Each structure stands twice: as C-alpha cells, then as structure tokens.
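Below: the structure, in structure tokens.
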Amino acid sequence: MSRRKRSALAVLAIGSLALATACAKGNAGAPATSSAPTASKTDLVQLFTPAKVSIGTADDSKGPAIPPEGVVKGGTVNMIDRDDYAHLDPGRIYDNVAANFSLLITRQLTGYKRVAKGEYKVVGDLATDTGQSSEGGKTWKFTLKDGVKWQDGSPITSGDVKWSIERLFAPFITEGPPYIQQWLTQEDYKKAYGGPYGGKELDGIETPDDKTVVFHFKSPHADANYALAMTGYGIVPKAKDTKEKYDKEPFSSGPYIIAKHTVDKSMDLERNPNWDAASDPIRGAYPDKWHLEFGYQSLPVTDRFIADTGDDKKTFSFYTHVNAERVQQVLENPSLQSRVLRQPSPYANYYYFNLDRVKDIKIRQAIAYAWPTKQIQQITGGPNVSVISTTILNPSVSGWQDYDLFGVKQNPSGNVEKAKELLASSSNPKPTIVYGYNNTPTEQRVTVAIKNQLAKIGVNVVAKPMDTKTYYDAIGKVDNGLDMYWAGWGADWPTAATVFPVIFGPIADGGYNQSHLKDPAIKAEIDRIMNLSDANEANKAWGELDKKIMETVTPGVPALNDVGLQLHGSLVGGAETDPISWVVSPNTIFVKQ
Amino acid sequence: MLRFLTRRTIGAAVILLIIAAVTFFLFFAVPADPARLACGKICPPETLAQARHNLGLDQPIFVQFVEWLAGVFVGRDYDGLGHCPAPCLGYSFVNHAPVFDTIVDRMPVTISLTLGSAIIFLLFGVSTGVVAALNQGKALDKIASVSSLIGASVQIYFVGTLAMYFLVFQWDVIERPRYVPFTDNPLQWAYGLLLPWIVLAIIFTANYTRMTRSTMVEQLGEDYVRTARAKGMPARTVITRFALRGTLTPIVTIFGIDVGTLIGGAIITETTFSLQGIGRLSIQAVVNSDLPMLMATVLLAAAAIVVFNVIVDALYAVIDPRVRLS
C-alpha cells in the first residue's frame, strides 16, 4: 500500500476509532488457557527434549562454525527488544541477554558450539581446545589459536587474557560472575587483590609465552572450561582498557564492531575486518550489518511479527516472548508455525520449604504429594507454556537423571490420599503453613489453588502477599517468618557445579540457600563432588545427589519449568533459541534474500 | 508583572526543593537495596560493599542528598567517570550516562508528543464545545455530548492498543508510530506521531468539549452578551469577542495542567506506542531503582506543572482584564 493511500485511509479509519473502541469487547483476547493445542496436535515431549551439551575436541574447536540449513550471507538483520544492554564491558556482564549479545563483539577462551539442533559442545573459542587440566583439575592450561586479532589488527595475546581476569578484581567491577576469581584466590575475592591498575599482578595466572596461559586454582575445578565460556570472562585488551569508560566503548575481538550506539534506543553493528571466520567455531556472523532497536513492549513486538510487513520481515527479537494475550492466536495459526520458536527454560524453580520451621519430613513430603501442579499449570497458561518438573536439576544440565519421587506426572492434580496417609503419621496431622507469595495477579490465583488443595489434606495455609520489588530480599532473610515460598535459580553453565553448591550453600541473609538445608551428609557429598577432577564422574554424581536430596530431605517441591515462545520475521533464517542462554542465538541468524 | 513572576519563581523553587527532598528520602524508605542490583547474581559481601561504595550509598542519606543538590548547582565529580557539569542531576548507574544528557535526549520526543496532541485537542475540543453550546439541545449538541462522554470514559492503554492493532497491524493504513526529529524531516516527524497525537486527543478532547460547552452556555446568558446582541452586534463578533473570551479562563486552566502533565511524561502513551520519551524513562527509573533518574523525572514532572501554572496565572490577566496580577 502506498504511503499516500495509507495516509488517506488513516484519516478515515481513525475517525471511526471511537466507534471501534466502543464495539470491541476484550479484543485483546484472554490469556492462554487449556484450549490451546494440546499434545495430541504437537508432540510436546519431543519438542521439549533437553539439549545435550558435551566437551568438544581440538578438531571441534576449529572454525568456521557449522552453518544452519539454507544459510545466506549478507544483508542487514534487525533486532527489537525492550531494554538495551546494561553493560558492554564483558567483565560486568552476568545476565544471559547481554551475554548473548556480547557474542557478536567479544570472544572468550572457550564457548558453546552448535553441532546440530539441540546438540552443543564446549569448544575452544580463542583457545585451540577446551584446555588441559593437571593436578587433579587445579591447573588449567590454554593455548591461543594462531591469527586471532583485535579489531585494530593487533594480535590477541595471553597477556590480554591475564589482564582480562586481573581487572575483574578492580573496585569498579562488581557485576560479573565470581567463580574464576574465587578459585584463584578466596571466597571474598575482592579482599585478596585489588586489580592490575596499580601495577600489581595476580599470582595464579602464568603466561609463559604470548600464546599460553596457565591458571593455578586453589582447589580442583573439573569444569573450569565451562566457567571460562561465560561472557564475564571475555577478553579486554590492556592497551585499550579505559576502566569504567570501557563499558561504553568496548574493543571488539568478535565478528562485529559497534558503529553507533544511542543508549536505550538503538545500536548498529558493522563487520570487524580483523575477525577471521576460520578461527571461530562458534559464530557464523552471516549478516553484514545488525540494526538493534530498544524500547518495545511484548505486545507490539508480537503484533509486528504476526503482521510481518516491510522491514519487520527481516526482524527478530533476542528475548521478547509472545505476549500472553496472543499465545493462543500464535499457536493456533498454521501460517505462523514456521516462524515460531519454542524452548523450555534452562532454569529451575522451586516451592521451597523453610527447613528451620517445617522440620518434619513427613509433612514436607505430604505437601509434595498433594501439590496442585496441574492446577498451577492451567492458571499460568497451560501445557504449551510450561512443562512439569520433578527434579532439582533442570533437564538441560549435564548429568540430569529423571525421577518422579512423588508421582507428579501420574497424578499432576496431586495424590491427596497418599498425602493424608503421610500426614496422619507425622508429628502434626493438622499443620499450619505460612506461604509467602509474590503479590502479582497470577500468583494470587496460584496461591488460591495451593490453599484450596492443601486444605483437602488438612493443611491450613496462611497466605502472605509480598511486595514484588522486595520479594527476593524478604525471602532471602534467614529469619523470614515463612514456611514456604517460591524461588528460582539458573545454572551458570550446564553442569550442577553452579546449582547444588549455591542453592544448598552457606545460610546467610541475602544468601541463596533458600531452604536453609544444612544436612552434613549432603554438604559432604557436595564438597566431594566439587573436588572431582573427572567431569563425567562429577556429572553422574550430581545426578544421583539430586534424587538423594529429594528422598532424604525434600527441601522443596519442584515448580513448573517455563517454555519460551517467540516469533520472528519471515525473512529471518537460522533463528533458534539457545538452550543454554534461553535467548535467540546470534550465531546462526541470517537474512533470507 | 515582575513582582508577580519573582514571587512565583521563588515559590516554585521552594516547592521543587521540597519535592526533591521527599522523593529522595522516600526512595530509601523502600526496603530494596539498589546496590544489590549493581552486584552480580552471586555477590560476595566485599563485592556488595564495593558496589554500595561505587553508588555512593555508603554515605549517610542526608550527605547523599546534599551532594546531589550541590551537583545541580555546581556540578560533581565521579570516580573514573570524570566531572559532571552543572546542572548535574546525577549519573545513572543503570544506563551508565549522565542523567541530564539522557533527559535532554528524551525531551524532544515528549515535547513533540505534547505539542501535536495539545494543538489537536485544544482546537477540536473548544470548537466542538462552541458548536454544541450554539446548538444547545439539538442533534449536534447531543452528538458532541455523547462523543465526549465516550472519549472521557476510555483510557489511553485501551484506545492506543486498539488503534495499533487495527490501524497498524491488521489494516495497515498507517505506519507504526516512531519519532523522527523535526529538524531531520518535518513531514515524517508529523506522520510518525500522528497516531499517538490523535489517540491522546481522543482522550483529552472530551474535557475541553464539555468545559467549553457548559461555560459557553453560561456566558451566552450573561448580561453583557445580551447587551451586545441588543445593540445589533453581529453574532460572530458576539461569540468570538465576548462569549468565547469569557469561556477561555477555565479552558486555559485545564490546558495548562494537561500540558504540564504531558511534558512531565506521558507514561502510558509512550509505552503503548514504544516512544522513548520522559514517560518511559520514569517507568524504567522506578523499575530499576535508579535514584538519580527517578529524581530527575519526578522533578521534571513537578517543574512542568509548576511552570505551566505560573504561565496560566499570567495569562489570566491577558484574557480577562478584570484579573490583576497581585
């Protein structure tokens, strides 16, 4: 339609807008419900099969990246989302969205290579392989590839890698991951070293030559190569490090350079002429240019993708999910299915018990048996937007073992009889549970379902609404006055090393051990596994520990695992939700001609 | 006039100072810790303490307020980030930019949104009100009354969302709203904001129609209007020079408040139409616990209301010679 015709029609159409507003009833549609397509139409089990992540070889670490089917190079791809990236300095990046974007401009020692749909390998990114460990995993040696360069053509050296780690100790960097720093020094690592800007070097990292970097950790860490794949350990050149200001002016080691950035509004990327695809097994970097725009809410983004007109055909979103009001429409429209992305979250959620207050395991297990999983699933959007979880670990974590201790998959509405039986033999057959919940409309409805269901087994639920903004602060207090509450956790890499030691770690105000689990046997097992040097052995042990914790302690009821639902423009190819970061990967994106 | 403006300016400054202080201290009444947001997911105590220091949150609240206030008048230095010249409204540690620069960057969007919609709803609202008053009890009056009732009943997030859905995405009759600077392309500037202007006008026009109609009906029954008619003055002159002039005082009052409110940030409009103005900035500041940005947007909104109230008061004397600025 021509612009002139559009303008003329606009006047007519706008004139009738008041009438339209009066006539339309609930135009936006209701939230997705159980009437959305069910497993009979879509094999959700197959669709939501967890991704496999394994350790790659030196050969796997060679570039270029494996191209997606039908790949075309060139063109400009557009990306729209709500928020700009909080940080561009890799050392200050922890969140998955900024980390995902950062793949376009930053490289690490290691990274994740897409081998096939749902299959990934940890490979050397700047390094020739995933590192060689010795001393039982206390020492890790990496060798840099030949020909890897910064955007100005200068070579990337082991000195740059060392500098990038050292600067994470500087006072102005507080936002990134702490693992490598802690492993090199101590738990509260900022006390151990103040950063390299005063001229002092960090013990524990050796650079015998320009291509070799050796990490000496205080204890064994079998998955250091996973940790180093985090964007937080992306490299920063010593010669171009502008400290705080680097966050605004990052120096690229990746396939693109930031050509223009208006904070919170837009960003344009152009090719980095000194990036060599042959050295990079991870990034396809197929479009010539990227245009990113920020400030768009979920509903208009969804509507733009549904309409699929003009430049929106070449547009996708890293993380904006289909708005709840459009979920049903999107799932039921056959013409949209080729542009739909669905991927279960790699994170895990739990309804934790406060073990300091709910001390009887029989009461905890009775509640777990009776839990209204199906009712909660219906309230939160139905089986198309969540999957039932029965384990502590997310299925995408290496070593995950499937089990269903409380028969939730058989009885998703809750096994009331079994729960009553257990409760009758407990220390208090009529317990009162103070349940704290995030005071949102959805959680209010979920709380009613929980209260009604637990009333059936004789548990009196006292629901305590909590302010959304301070919810985590409130439940994070050791003396929080609550018996049960919801909380989520995401592994920082797909092994359990950043799950169990954290969610069952130190008990402190603001800590992450929400259940206050302090079982000595479990603590000892966590420590034992952490010290294993064999990653496969560790993964197997984590999987076994998962079931053991639920059997012997039952610190919580695993909550539903969200399933992401995204759309993209029809001329965007290679769009896939990364199962590790749960955002659309930039590595496979291309623009169809 | 000078005395009036001086007195009102001093009063406005006092009001803004009180609002700034209340906003600042209320921010700390919320039990959330902004430093926690500036610390990673796993945040050791020393790192949290460092984040708190970097944000200046380790100082007593009163000291923080005085430093912020001093920055407005004489500028401020930030470790590693350099000098923030006056008027320094602070440095946002969320979007990592001086607050003043961000406000200046976003202001044109909000001013453009306000300007266009204000012209439409003022002209359209007053003219339909006049037409309704002159046709009291007739079909035109009833149509105007019903339309304004509907307009006053709906909300921007409802009309705006519907307008976007049907006009932009379903029927493709107008382009998606976007902001193009006036200096770049005046036509694109107007076309890009046409839909938000009209939607805002639908909501605001109703007030003007109803206010104009009722005041106009009142004015038409006044002795001086009757006298003017009795002396044989043409109807158009009677309406425009006498009746309409008498009608303008309440119209100017609500217009001042409306424009002041919109300049302070059309939060829902900007969010609905994905426009990056002051309104969206203020929402982000609240969500992100971004105190410097929150202070700036609250003060801007307050200043806009105060300034437009002063302008309205000054205009009273121009519109109605009986009013003296004293």
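Identifiers in the structure tokens: chain A, B, ... in order shown; residue index from 1 per chain; ligand index from 1 in order shown.
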Kindly assemble as CSV a list of the chain B residues that lie within 7 Å of chain A, each paired with its nearest atom pair and their distance in Å to one decimal, using only C-alpha atoms, sorted first by chain and then by ascending residue number.
residue,atom,partner,partner_atom,distance
B:Pro31,CA,A:Thr470,CA,6.7
B:Ala32,CA,A:Thr470,CA,5.4
B:Ala38,CA,A:Glu175,CA,5.8
B:Cys39,CA,A:Glu175,CA,4.4
B:Gly40,CA,A:Glu175,CA,4.0
B:Ile42,CA,A:Pro177,CA,6.8
B:Pro44,CA,A:Asp188,CA,5.6
B:Pro45,CA,A:Asp188,CA,6.8
B:Glu46,CA,A:Lys190,CA,6.1
B:Thr47,CA,A:Thr174,CA,5.7
B:Gln50,CA,A:Pro171,CA,6.2
B:Ala51,CA,A:Thr174,CA,5.9
B:Asn54,CA,A:Phe172,CA,6.9
B:Gly80,CA,A:Glu244,CA,5.9
B:Leu81,CA,A:Glu244,CA,6.6
B:Val94,CA,A:Ala86,CA,6.4
B:Asn95,CA,A:Ala86,CA,6.2
B:Val159,CA,A:Thr21,CA,6.3
B:Phe169,CA,A:Ala307,CA,5.5
B:Gln170,CA,A:Ala307,CA,6.9
B:Val173,CA,A:Arg6,CA,4.5
B:Ile174,CA,A:Arg6,CA,5.4
B:Ser274,CA,A:Tyr296,CA,5.2
B:Gln276,CA,A:Gly295,CA,6.5
Export of the given selection (C-alpha atoms) as a PDB file, in the first residue's frame:
ATOM      1  CA  PRO B  31      13.494  -1.915  51.754  1.00  0.00           C
ATOM      2  CA  ALA B  32      15.090  -2.791  48.374  1.00  0.00           C
ATOM      3  CA  ALA B  38      24.745  -3.489  40.779  1.00  0.00           C
ATOM      4  CA  CYS B  39      26.235  -6.693  42.128  1.00  0.00           C
ATOM      5  CA  GLY B  40      26.306  -9.973  40.266  1.00  0.00           C
ATOM      6  CA  ILE B  42      26.370 -14.346  43.189  1.00  0.00           C
ATOM      7  CA  PRO B  44      30.189 -11.883  47.981  1.00  0.00           C
ATOM      8  CA  PRO B  45      29.978  -9.383  50.879  1.00  0.00           C
ATOM      9  CA  GLU B  46      33.074  -7.403  49.885  1.00  0.00           C
ATOM     10  CA  THR B  47      31.793  -7.053  46.322  1.00  0.00           C
ATOM     11  CA  GLN B  50      32.192  -2.168  46.850  1.00  0.00           C
ATOM     12  CA  ALA B  51      29.030  -1.778  44.756  1.00  0.00           C
ATOM     13  CA  ASN B  54      30.573   2.910  43.936  1.00  0.00           C
ATOM     14  CA  GLY B  80      36.596   7.071  36.995  1.00  0.00           C
ATOM     15  CA  LEU B  81      33.871   8.863  35.070  1.00  0.00           C
ATOM     16  CA  VAL B  94      21.701   1.717  35.201  1.00  0.00           C
ATOM     17  CA  ASN B  95      22.095   3.154  31.723  1.00  0.00           C
ATOM     18  CA  VAL B 159      -7.684   3.100  22.667  1.00  0.00           C
ATOM     19  CA  PHE B 169      -1.051  -4.284  12.242  1.00  0.00           C
ATOM     20  CA  GLN B 170      -4.379  -5.509  10.871  1.00  0.00           C
ATOM     21  CA  VAL B 173      -3.482   2.034   6.997  1.00  0.00           C
ATOM     22  CA  ILE B 174      -0.842   3.947   8.915  1.00  0.00           C
ATOM     23  CA  SER B 274       7.001   2.434  22.025  1.00  0.00           C
ATOM     24  CA  GLN B 276      11.372   6.778  24.030  1.00  0.00           C
TER      25      GLN B 276
END
What are the DSSP strand (DSSP E or B) residues of stretch 148-233 of chain A, as number ranges by chain? A: 149, 155, 205-209, 212-216
Selection export as a CSV table (one decimal), in the first residue's frame, atoms kept: N, CA and C atoms:
chain,number,residue,atom,x,y,z
A,149,LYS,N,42.8,-11.9,16.3
A,149,LYS,CA,43.2,-10.4,16.4
A,149,LYS,C,42.1,-9.6,17.0
A,155,PRO,N,47.6,-8.5,17.5
A,155,PRO,CA,47.3,-9.9,17.9
A,155,PRO,C,46.7,-10.0,19.3
A,205,ILE,N,48.0,-16.8,37.7
A,205,ILE,CA,47.9,-16.9,36.3
A,205,ILE,C,49.3,-16.7,35.7
A,206,GLU,N,49.7,-17.7,34.9
A,206,GLU,CA,51.0,-17.6,34.3
A,206,GLU,C,50.9,-17.4,32.8
A,207,THR,N,51.8,-16.7,32.2
A,207,THR,CA,51.8,-16.5,30.7
A,207,THR,C,53.2,-16.8,30.3
A,208,PRO,N,53.6,-18.0,30.2
A,208,PRO,CA,55.0,-18.4,29.8
A,208,PRO,C,55.4,-17.8,28.4
A,209,ASP,N,54.4,-17.7,27.5
A,209,ASP,CA,54.7,-17.0,26.2
A,209,ASP,C,53.4,-16.3,25.8
A,212,THR,N,50.3,-18.9,25.5
A,212,THR,CA,50.0,-19.8,26.6
A,212,THR,C,49.5,-19.1,27.8
A,213,VAL,N,48.4,-19.6,28.4
A,213,VAL,CA,48.0,-19.0,29.7
A,213,VAL,C,47.7,-20.2,30.6
A,214,VAL,N,48.2,-20.1,31.8
A,214,VAL,CA,48.0,-21.2,32.8
A,214,VAL,C,47.3,-20.7,34.1
A,215,PHE,N,46.3,-21.3,34.4
A,215,PHE,CA,45.5,-21.0,35.7
A,215,PHE,C,45.9,-21.9,36.8
A,216,HIS,N,46.3,-21.4,37.9
A,216,HIS,CA,46.6,-22.3,39.1
A,216,HIS,C,45.5,-22.0,40.1
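Coordinates place atom CA of A:Val358 at a distance of 10.0 Å from atom CA of A:Val434.
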Quick one: pick out all helix (DSSP H, G or I) residues within stretch 95-308 of chain B from a backbone DSSP run and write them as a ChimeraX atom specification. /B:99-134,139-153,156-170,186-220,223-230,235-263,267-272,278-287,291-308
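Relative to atom CA of A:Lys359, atom CA of A:Pro555 is found at 10.1 Å.
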Looking at only C-alpha atoms, which of B:Ile119, B:Val307, B:Val109, B:Leu140 is the one that sits closest to B:Leu281? B:Val109
Residue neighbourhood stretch 362-379 of chain A, 7 Å, only C-alpha atoms, exclusion window fewer than 3 positions, as a PDB file with N, CA and C atoms, in the first residue's frame:
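Everything below was put into around-v7.pdb:
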ATOM      1  N   THR A  33      -5.155 -20.515  27.620  1.00  0.00           N
ATOM      2  CA  THR A  33      -5.753 -21.467  28.539  1.00  0.00           C
ATOM      3  C   THR A  33      -5.568 -22.868  27.991  1.00  0.00           C
ATOM      4  N   SER A  34      -6.230 -23.767  28.632  1.00  0.00           N
ATOM      5  CA  SER A  34      -6.076 -25.164  28.234  1.00  0.00           C
ATOM      6  C   SER A  34      -6.645 -25.445  26.848  1.00  0.00           C
ATOM      7  N   GLY A 382      -1.196 -23.113  30.789  1.00  0.00           N
ATOM      8  CA  GLY A 382      -1.407 -24.423  30.189  1.00  0.00           C
ATOM      9  C   GLY A 382      -0.128 -25.113  29.757  1.00  0.00           C
ATOM     10  N   PRO A 383      -0.274 -26.349  29.261  1.00  0.00           N
ATOM     11  CA  PRO A 383       0.920 -27.161  28.955  1.00  0.00           C
ATOM     12  C   PRO A 383       1.738 -26.669  27.770  1.00  0.00           C
ATOM     13  N   SER A 386       4.495 -24.354  29.693  1.00  0.00           N
ATOM     14  CA  SER A 386       5.307 -24.860  30.800  1.00  0.00           C
ATOM     15  C   SER A 386       5.326 -26.379  30.756  1.00  0.00           C
ATOM     16  N   PHE A 406       7.349 -38.287  43.769  1.00  0.00           N
ATOM     17  CA  PHE A 406       6.002 -38.107  44.321  1.00  0.00           C
ATOM     18  C   PHE A 406       4.903 -38.370  43.277  1.00  0.00           C
ATOM     19  N   PRO A 412      -0.855 -35.348  38.288  1.00  0.00           N
ATOM     20  CA  PRO A 412      -0.485 -33.919  38.299  1.00  0.00           C
ATOM     21  C   PRO A 412      -1.432 -33.059  39.138  1.00  0.00           C
ATOM     22  N   SER A 413      -2.619 -33.599  39.425  1.00  0.00           N
ATOM     23  CA  SER A 413      -3.549 -32.831  40.260  1.00  0.00           C
ATOM     24  C   SER A 413      -3.294 -33.070  41.740  1.00  0.00           C
ATOM     25  N   GLY A 414      -2.323 -33.928  42.061  1.00  0.00           N
ATOM     26  CA  GLY A 414      -1.987 -34.191  43.465  1.00  0.00           C
ATOM     27  C   GLY A 414      -2.573 -35.494  43.958  1.00  0.00           C
ATOM     28  N   ASN A 415      -1.761 -36.245  44.711  1.00  0.00           N
ATOM     29  CA  ASN A 415      -2.215 -37.511  45.282  1.00  0.00           C
ATOM     30  C   ASN A 415      -2.666 -37.245  46.728  1.00  0.00           C
ATOM     31  N   VAL A 416      -3.936 -36.910  46.853  1.00  0.00           N
ATOM     32  CA  VAL A 416      -4.480 -36.481  48.149  1.00  0.00           C
ATOM     33  C   VAL A 416      -4.475 -37.627  49.166  1.00  0.00           C
ATOM     34  N   LYS A 418      -2.526 -40.337  49.393  1.00  0.00           N
ATOM     35  CA  LYS A 418      -1.171 -40.625  49.883  1.00  0.00           C
ATOM     36  C   LYS A 418      -0.705 -39.523  50.846  1.00  0.00           C
ATOM     37  N   ALA A 419      -1.042 -38.300  50.497  1.00  0.00           N
ATOM     38  CA  ALA A 419      -0.654 -37.168  51.339  1.00  0.00           C
ATOM     39  C   ALA A 419      -1.319 -37.254  52.713  1.00  0.00           C
ATOM     40  N   LYS A 420      -2.599 -37.603  52.730  1.00  0.00           N
ATOM     41  CA  LYS A 420      -3.329 -37.717  54.002  1.00  0.00           C
ATOM     42  C   LYS A 420      -2.707 -38.797  54.884  1.00  0.00           C
ATOM     43  N   LEU A 422       0.387 -39.917  54.845  1.00  0.00           N
ATOM     44  CA  LEU A 422       1.675 -39.472  55.396  1.00  0.00           C
ATOM     45  C   LEU A 422       1.481 -38.475  56.532  1.00  0.00           C
ATOM     46  N   LEU A 423       0.551 -37.573  56.310  1.00  0.00           N
ATOM     47  CA  LEU A 423       0.303 -36.532  57.300  1.00  0.00           C
ATOM     48  C   LEU A 423      -0.208 -37.122  58.616  1.00  0.00           C
ATOM     49  N   SER A 426       2.493 -38.133  60.768  1.00  0.00           N
ATOM     50  CA  SER A 426       3.505 -37.101  61.049  1.00  0.00           C
ATOM     51  C   SER A 426       3.364 -36.552  62.465  1.00  0.00           C
ATOM     52  N   VAL A 446      -2.603 -18.531  41.825  1.00  0.00           N
ATOM     53  CA  VAL A 446      -1.854 -19.749  42.154  1.00  0.00           C
ATOM     54  C   VAL A 446      -1.976 -20.028  43.646  1.00  0.00           C
ATOM     55  N   ALA A 449      -5.187 -21.663  44.548  1.00  0.00           N
ATOM     56  CA  ALA A 449      -5.172 -23.090  44.186  1.00  0.00           C
ATOM     57  C   ALA A 449      -4.398 -23.906  45.216  1.00  0.00           C
ATOM     58  N   ILE A 450      -3.258 -23.392  45.652  1.00  0.00           N
ATOM     59  CA  ILE A 450      -2.445 -24.105  46.648  1.00  0.00           C
ATOM     60  C   ILE A 450      -3.209 -24.220  47.958  1.00  0.00           C
ATOM     61  N   GLN A 453      -6.093 -26.710  47.648  1.00  0.00           N
ATOM     62  CA  GLN A 453      -5.629 -28.096  47.529  1.00  0.00           C
ATOM     63  C   GLN A 453      -5.112 -28.617  48.862  1.00  0.00           C
ATOM     64  N   LEU A 454      -4.281 -27.817  49.533  1.00  0.00           N
ATOM     65  CA  LEU A 454      -3.704 -28.280  50.795  1.00  0.00           C
ATOM     66  C   LEU A 454      -4.762 -28.371  51.898  1.00  0.00           C
ATOM     67  N   THR A 554      13.835 -33.567  51.068  1.00  0.00           N
ATOM     68  CA  THR A 554      12.712 -32.884  50.396  1.00  0.00           C
ATOM     69  C   THR A 554      12.692 -31.399  50.782  1.00  0.00           C
ATOM     70  N   VAL A 557       9.340 -28.342  46.612  1.00  0.00           N
ATOM     71  CA  VAL A 557       8.584 -29.010  45.556  1.00  0.00           C
ATOM     72  C   VAL A 557       9.036 -28.376  44.240  1.00  0.00           C
TER      73      VAL A 557
END
Atom pair atom CA of B:Ala296 / atom CA of B:Arg106: separation (Å): 12.2 Å
Long-range neighbours of B:Phe4 as a VMD selection string, 12 Å cut-off, only C-alpha atoms, 2 positions minimum in chain: chain B and resid 1 to 2 6 to 11 310 to 311 313 to 314 317 324 to 326
Export, as a CSV table (one decimal), in the first residue's frame, the selected residues with C-alpha atoms.
chain,number,residue,atom,x,y,z
B,1,MET,CA,4.2,41.6,36.5
B,2,LEU,CA,7.9,41.4,37.5
B,6,THR,CA,9.6,36.8,41.1
B,7,ARG,CA,7.3,35.7,43.8
B,8,ARG,CA,6.0,32.8,41.9
B,9,THR,CA,9.5,31.7,40.8
B,10,ILE,CA,10.7,31.7,44.4
B,11,GLY,CA,7.6,29.7,45.4
B,310,VAL,CA,2.6,30.3,36.5
B,311,ILE,CA,2.1,30.8,32.8
B,313,ASP,CA,-1.9,32.6,36.1
B,314,ALA,CA,-0.1,35.2,34.0
B,317,ALA,CA,-4.6,38.9,33.1
B,324,ARG,CA,-4.9,41.8,38.3
B,325,LEU,CA,-1.5,40.1,39.0
B,326,SER,CA,-1.2,40.9,42.6
